[in-house]
Amino acid sequence: MKRIVVICLSVIAAMIVVIIAAFTYKTKYFKTEVLRSISPNERYTLEIYMIGEPEWPFGPTHCRYDFCEEKKILEKYSDTIFNDGKNAIQEDFEIYWQKDSVNLIVHGEEQDDKAITFFFDGRKTKVTTD
């Protein structure tokens, strides 16, 4: 009888650990694609991901921008958007392809617009705010 109780308690404890781990992964680490843009020459790609969920309550949203050349990631850039606790959506971003770079404009309800420039030749990413 004692062994059955120990086994039942172990199974319940394992289920609780799995539920907590799944919740933590979904809210902190899960990567959701928001937007993908391909350069006019189809050589470069800018992928925008929301990482986890916005912080509770009404907190910032964490994003990552992957700048790729022919499926090879050239740069990963992490960012935070202050958007009143909302998920990142396509309308939060504008992408403009230039001959030697791509410009990403990030909008948020509680922040000034931010311009992020990724260069094709490997120069350091440039970030400016209004």
# chains A, B, ... in the order shown; residues from 1 in each chain; ligands from 1
>>> closest_atom_pairs(of="segment 32-64 of chain A", to="segment 104-120 of chain A", cutoff="12 Å", atoms="only C-alpha atoms", output="tab-separated table")
residue	atom	partner	partner_atom	distance
A:Leu35	CA	A:Leu104	CA	11.5
A:Arg36	CA	A:Leu104	CA	11.7
A:Ser37	CA	A:Leu104	CA	10.4
A:Ser39	CA	A:Phe120	CA	10.8
A:Arg43	CA	A:Phe120	CA	10.0
A:Tyr44	CA	A:Phe120	CA	8.2
A:Thr45	CA	A:Phe120	CA	10.7
A:Leu46	CA	A:Leu104	CA	9.0
A:Glu47	CA	A:Leu104	CA	10.7
A:Ile48	CA	A:Leu104	CA	10.0
A:Phe58	CA	A:Glu110	CA	10.5
A:Gly59	CA	A:Glu110	CA	10.3
A:Pro60	CA	A:Glu110	CA	9.3
A:Thr61	CA	A:Gly108	CA	9.7
A:His62	CA	A:Gly108	CA	12.0
A:Cys63	CA	A:Val106	CA	10.6
A:Arg64	CA	A:Val106	CA	11.8
>>> write_last_selection(atoms="all heavy atoms", output="short mmCIF file (atom, residue, chain, number, x, y, z; two decimals), in the first residue's frame")
data_model
loop_
_atom_site.label_atom_id
_atom_site.label_comp_id
_atom_site.auth_asym_id
_atom_site.auth_seq_id
_atom_site.Cartn_x
_atom_site.Cartn_y
_atom_site.Cartn_z
N LEU A 35 6.83 37.97 -38.97
CA LEU A 35 6.96 38.49 -40.33
C LEU A 35 8.25 37.96 -40.95
O LEU A 35 9.25 37.79 -40.27
CB LEU A 35 7.00 40.02 -40.27
CG LEU A 35 7.10 40.81 -41.55
CD1 LEU A 35 5.90 40.57 -42.45
CD2 LEU A 35 7.18 42.30 -41.23
N ARG A 36 8.19 37.72 -42.26
CA ARG A 36 9.37 37.31 -43.03
C ARG A 36 9.37 38.14 -44.30
O ARG A 36 8.38 38.18 -45.02
CB ARG A 36 9.32 35.84 -43.36
CG ARG A 36 10.49 35.34 -44.19
CD ARG A 36 10.28 33.91 -44.61
NE ARG A 36 10.04 33.06 -43.45
CZ ARG A 36 10.85 32.12 -43.04
NH1 ARG A 36 11.96 31.86 -43.69
NH2 ARG A 36 10.57 31.40 -41.98
N SER A 37 10.50 38.79 -44.59
CA SER A 37 10.62 39.60 -45.79
C SER A 37 11.86 39.16 -46.57
O SER A 37 12.92 38.94 -45.98
CB SER A 37 10.72 41.08 -45.43
OG SER A 37 10.85 41.87 -46.58
N SER A 39 14.53 39.93 -49.80
CA SER A 39 15.05 41.03 -50.61
C SER A 39 14.60 40.87 -52.07
O SER A 39 14.30 39.76 -52.51
CB SER A 39 16.58 41.08 -50.53
OG SER A 39 17.13 39.93 -51.14
N ARG A 43 18.17 37.11 -52.27
CA ARG A 43 19.39 36.60 -51.65
C ARG A 43 19.36 36.74 -50.12
O ARG A 43 19.93 35.92 -49.40
CB ARG A 43 20.60 37.36 -52.21
CG ARG A 43 21.91 36.84 -51.74
CD ARG A 43 23.07 37.49 -52.46
NE ARG A 43 24.32 37.03 -51.89
CZ ARG A 43 25.49 37.55 -52.16
NH1 ARG A 43 25.57 38.55 -53.02
NH2 ARG A 43 26.58 37.09 -51.61
N TYR A 44 18.70 37.78 -49.62
CA TYR A 44 18.66 38.07 -48.19
C TYR A 44 17.24 37.93 -47.66
O TYR A 44 16.27 38.15 -48.38
CB TYR A 44 19.16 39.49 -47.91
CG TYR A 44 20.60 39.69 -48.32
CD1 TYR A 44 20.92 40.23 -49.56
CD2 TYR A 44 21.64 39.34 -47.47
CE1 TYR A 44 22.24 40.40 -49.94
CE2 TYR A 44 22.96 39.51 -47.84
CZ TYR A 44 23.25 40.05 -49.08
OH TYR A 44 24.56 40.21 -49.45
N THR A 45 17.17 37.59 -46.37
CA THR A 45 15.88 37.46 -45.70
C THR A 45 15.97 38.12 -44.33
O THR A 45 16.99 37.99 -43.64
CB THR A 45 15.52 35.97 -45.51
OG1 THR A 45 15.58 35.31 -46.76
CG2 THR A 45 14.13 35.82 -44.94
N LEU A 46 14.91 38.80 -43.94
CA LEU A 46 14.79 39.33 -42.59
C LEU A 46 13.58 38.65 -41.95
O LEU A 46 12.46 38.76 -42.46
CB LEU A 46 14.61 40.84 -42.59
CG LEU A 46 14.52 41.49 -41.22
CD1 LEU A 46 15.79 41.26 -40.40
CD2 LEU A 46 14.26 42.99 -41.35
N GLU A 47 13.84 37.92 -40.87
CA GLU A 47 12.78 37.19 -40.17
C GLU A 47 12.58 37.83 -38.81
O GLU A 47 13.55 38.08 -38.08
CB GLU A 47 13.17 35.72 -40.01
CG GLU A 47 13.38 35.02 -41.34
CD GLU A 47 14.05 33.67 -41.20
OE1 GLU A 47 14.53 33.34 -40.11
OE2 GLU A 47 14.09 32.96 -42.21
N ILE A 48 11.32 38.07 -38.46
CA ILE A 48 10.98 38.72 -37.19
C ILE A 48 10.20 37.72 -36.35
O ILE A 48 9.20 37.16 -36.80
CB ILE A 48 10.16 40.00 -37.43
CG1 ILE A 48 10.99 40.98 -38.25
CG2 ILE A 48 9.72 40.59 -36.11
CD1 ILE A 48 10.23 42.20 -38.70
N PHE A 58 0.68 44.09 -18.97
CA PHE A 58 0.96 45.25 -19.83
C PHE A 58 2.46 45.53 -19.99
O PHE A 58 2.88 46.67 -20.11
CB PHE A 58 0.26 46.51 -19.30
CG PHE A 58 -1.19 46.30 -19.03
CD1 PHE A 58 -1.68 46.29 -17.73
CD2 PHE A 58 -2.07 46.09 -20.07
CE1 PHE A 58 -3.03 46.10 -17.48
CE2 PHE A 58 -3.41 45.88 -19.84
CZ PHE A 58 -3.90 45.89 -18.53
N GLY A 59 3.26 44.50 -19.97
CA GLY A 59 4.70 44.66 -20.07
C GLY A 59 5.18 44.62 -21.51
O GLY A 59 4.41 44.51 -22.45
N PRO A 60 6.49 44.71 -21.68
CA PRO A 60 7.08 44.72 -23.03
C PRO A 60 7.02 43.35 -23.69
O PRO A 60 6.87 42.32 -23.03
CB PRO A 60 8.52 45.14 -22.78
CG PRO A 60 8.82 44.69 -21.39
CD PRO A 60 7.52 44.84 -20.63
N THR A 61 7.17 43.37 -25.00
CA THR A 61 7.22 42.16 -25.81
C THR A 61 8.65 41.99 -26.29
O THR A 61 9.27 42.93 -26.77
CB THR A 61 6.28 42.29 -27.04
OG1 THR A 61 4.96 42.55 -26.56
CG2 THR A 61 6.29 41.05 -27.88
N HIS A 62 9.18 40.79 -26.17
CA HIS A 62 10.55 40.51 -26.59
C HIS A 62 10.53 39.94 -28.01
O HIS A 62 9.75 39.05 -28.32
CB HIS A 62 11.22 39.55 -25.62
CG HIS A 62 11.24 40.07 -24.22
ND1 HIS A 62 12.11 41.07 -23.82
CD2 HIS A 62 10.48 39.79 -23.15
CE1 HIS A 62 11.88 41.36 -22.55
NE2 HIS A 62 10.90 40.60 -22.12
N CYS A 63 11.40 40.47 -28.85
CA CYS A 63 11.47 40.05 -30.25
C CYS A 63 12.91 39.74 -30.62
O CYS A 63 13.84 40.17 -29.95
CB CYS A 63 10.96 41.15 -31.17
SG CYS A 63 9.20 41.44 -31.03
N ARG A 64 13.05 38.98 -31.70
CA ARG A 64 14.36 38.72 -32.26
C ARG A 64 14.26 38.85 -33.77
O ARG A 64 13.30 38.40 -34.38
CB ARG A 64 14.86 37.33 -31.90
CG ARG A 64 16.35 37.18 -32.28
CD ARG A 64 16.91 35.86 -31.92
NE ARG A 64 16.56 34.91 -32.97
CZ ARG A 64 16.46 33.61 -32.79
NH1 ARG A 64 16.67 33.10 -31.61
NH2 ARG A 64 16.15 32.82 -33.79
#
>>> atom_distance(atom1="atom CA of Asn87 of chain A", atom2="atom CA of Glu53 of chain A")
6.9 Å
>>> atom_distance(atom1="atom CA of Thr27 of chain A", atom2="atom CA of Pro57 of chain A")
12.7 Å
>>> select_by_dssp(residues="chain A", states="alpha helix (DSSP H)", output="number ranges by chain")
A: 2-24
>>> write_last_selection(atoms="C-alpha atoms", output="short mmCIF file (atom, residue, chain, number, x, y, z; two decimals), in the first residue's frame")
data_model
loop_
_atom_site.label_atom_id
_atom_site.label_comp_id
_atom_site.auth_asym_id
_atom_site.auth_seq_id
_atom_site.Cartn_x
_atom_site.Cartn_y
_atom_site.Cartn_z
CA LYS A 2 2.80 2.38 0.90
CA ARG A 3 4.45 1.70 -2.44
CA ILE A 4 1.27 2.61 -4.35
CA VAL A 5 1.01 5.92 -2.51
CA VAL A 6 4.65 6.74 -3.29
CA ILE A 7 4.14 5.88 -6.97
CA CYS A 8 0.97 8.01 -7.16
CA LEU A 9 2.67 10.96 -5.49
CA SER A 10 5.66 10.60 -7.84
CA VAL A 11 3.39 10.59 -10.90
CA ILE A 12 1.52 13.67 -9.64
CA ALA A 13 4.80 15.48 -8.92
CA ALA A 14 6.12 14.61 -12.39
CA MET A 15 2.91 15.91 -14.01
CA ILE A 16 3.19 19.18 -12.08
CA VAL A 17 6.82 19.59 -13.19
CA VAL A 18 5.86 18.94 -16.82
CA ILE A 19 3.00 21.47 -16.67
CA ILE A 20 5.23 24.14 -15.11
CA ALA A 21 7.99 23.48 -17.67
CA ALA A 22 5.54 23.69 -20.59
CA PHE A 23 4.05 26.95 -19.25
CA THR A 24 7.49 28.47 -18.74
#
>>> decode(residues="segment 22-58 of chain A", atoms="C-alpha atoms", output="short mmCIF file (atom, residue, chain, number, x, y, z; two decimals), in the first residue's frame")
data_model
loop_
_atom_site.label_atom_id
_atom_site.label_comp_id
_atom_site.auth_asym_id
_atom_site.auth_seq_id
_atom_site.Cartn_x
_atom_site.Cartn_y
_atom_site.Cartn_z
CA ALA A 22 5.54 23.69 -20.59
CA PHE A 23 4.05 26.95 -19.25
CA THR A 24 7.49 28.47 -18.74
CA TYR A 25 8.62 27.48 -22.24
CA LYS A 26 5.50 28.91 -23.87
CA THR A 27 5.61 32.20 -21.98
CA LYS A 28 9.39 32.82 -21.99
CA TYR A 29 11.11 30.96 -24.83
CA PHE A 30 8.66 29.87 -27.56
CA LYS A 31 9.54 31.49 -30.89
CA THR A 32 6.57 32.74 -32.97
CA GLU A 33 7.23 34.05 -36.47
CA VAL A 34 5.64 37.47 -36.92
CA LEU A 35 6.96 38.49 -40.33
CA ARG A 36 9.37 37.31 -43.03
CA SER A 37 10.62 39.60 -45.79
CA ILE A 38 12.79 38.60 -48.75
CA SER A 39 15.05 41.03 -50.61
CA PRO A 40 14.19 41.91 -54.23
CA ASN A 41 17.15 39.82 -55.48
CA GLU A 42 15.95 36.93 -53.23
CA ARG A 43 19.39 36.60 -51.65
CA TYR A 44 18.66 38.07 -48.19
CA THR A 45 15.88 37.46 -45.70
CA LEU A 46 14.79 39.33 -42.59
CA GLU A 47 12.78 37.19 -40.17
CA ILE A 48 10.98 38.72 -37.19
CA TYR A 49 10.06 36.55 -34.21
CA MET A 50 8.21 37.20 -30.97
CA ILE A 51 9.96 35.37 -28.13
CA GLY A 52 7.58 34.05 -25.49
CA GLU A 53 4.61 36.17 -24.52
CA PRO A 54 4.48 39.83 -23.44
CA GLU A 55 5.37 40.30 -19.79
CA TRP A 56 2.35 40.38 -17.52
CA PRO A 57 0.58 42.74 -16.99
CA PHE A 58 0.96 45.25 -19.83
#
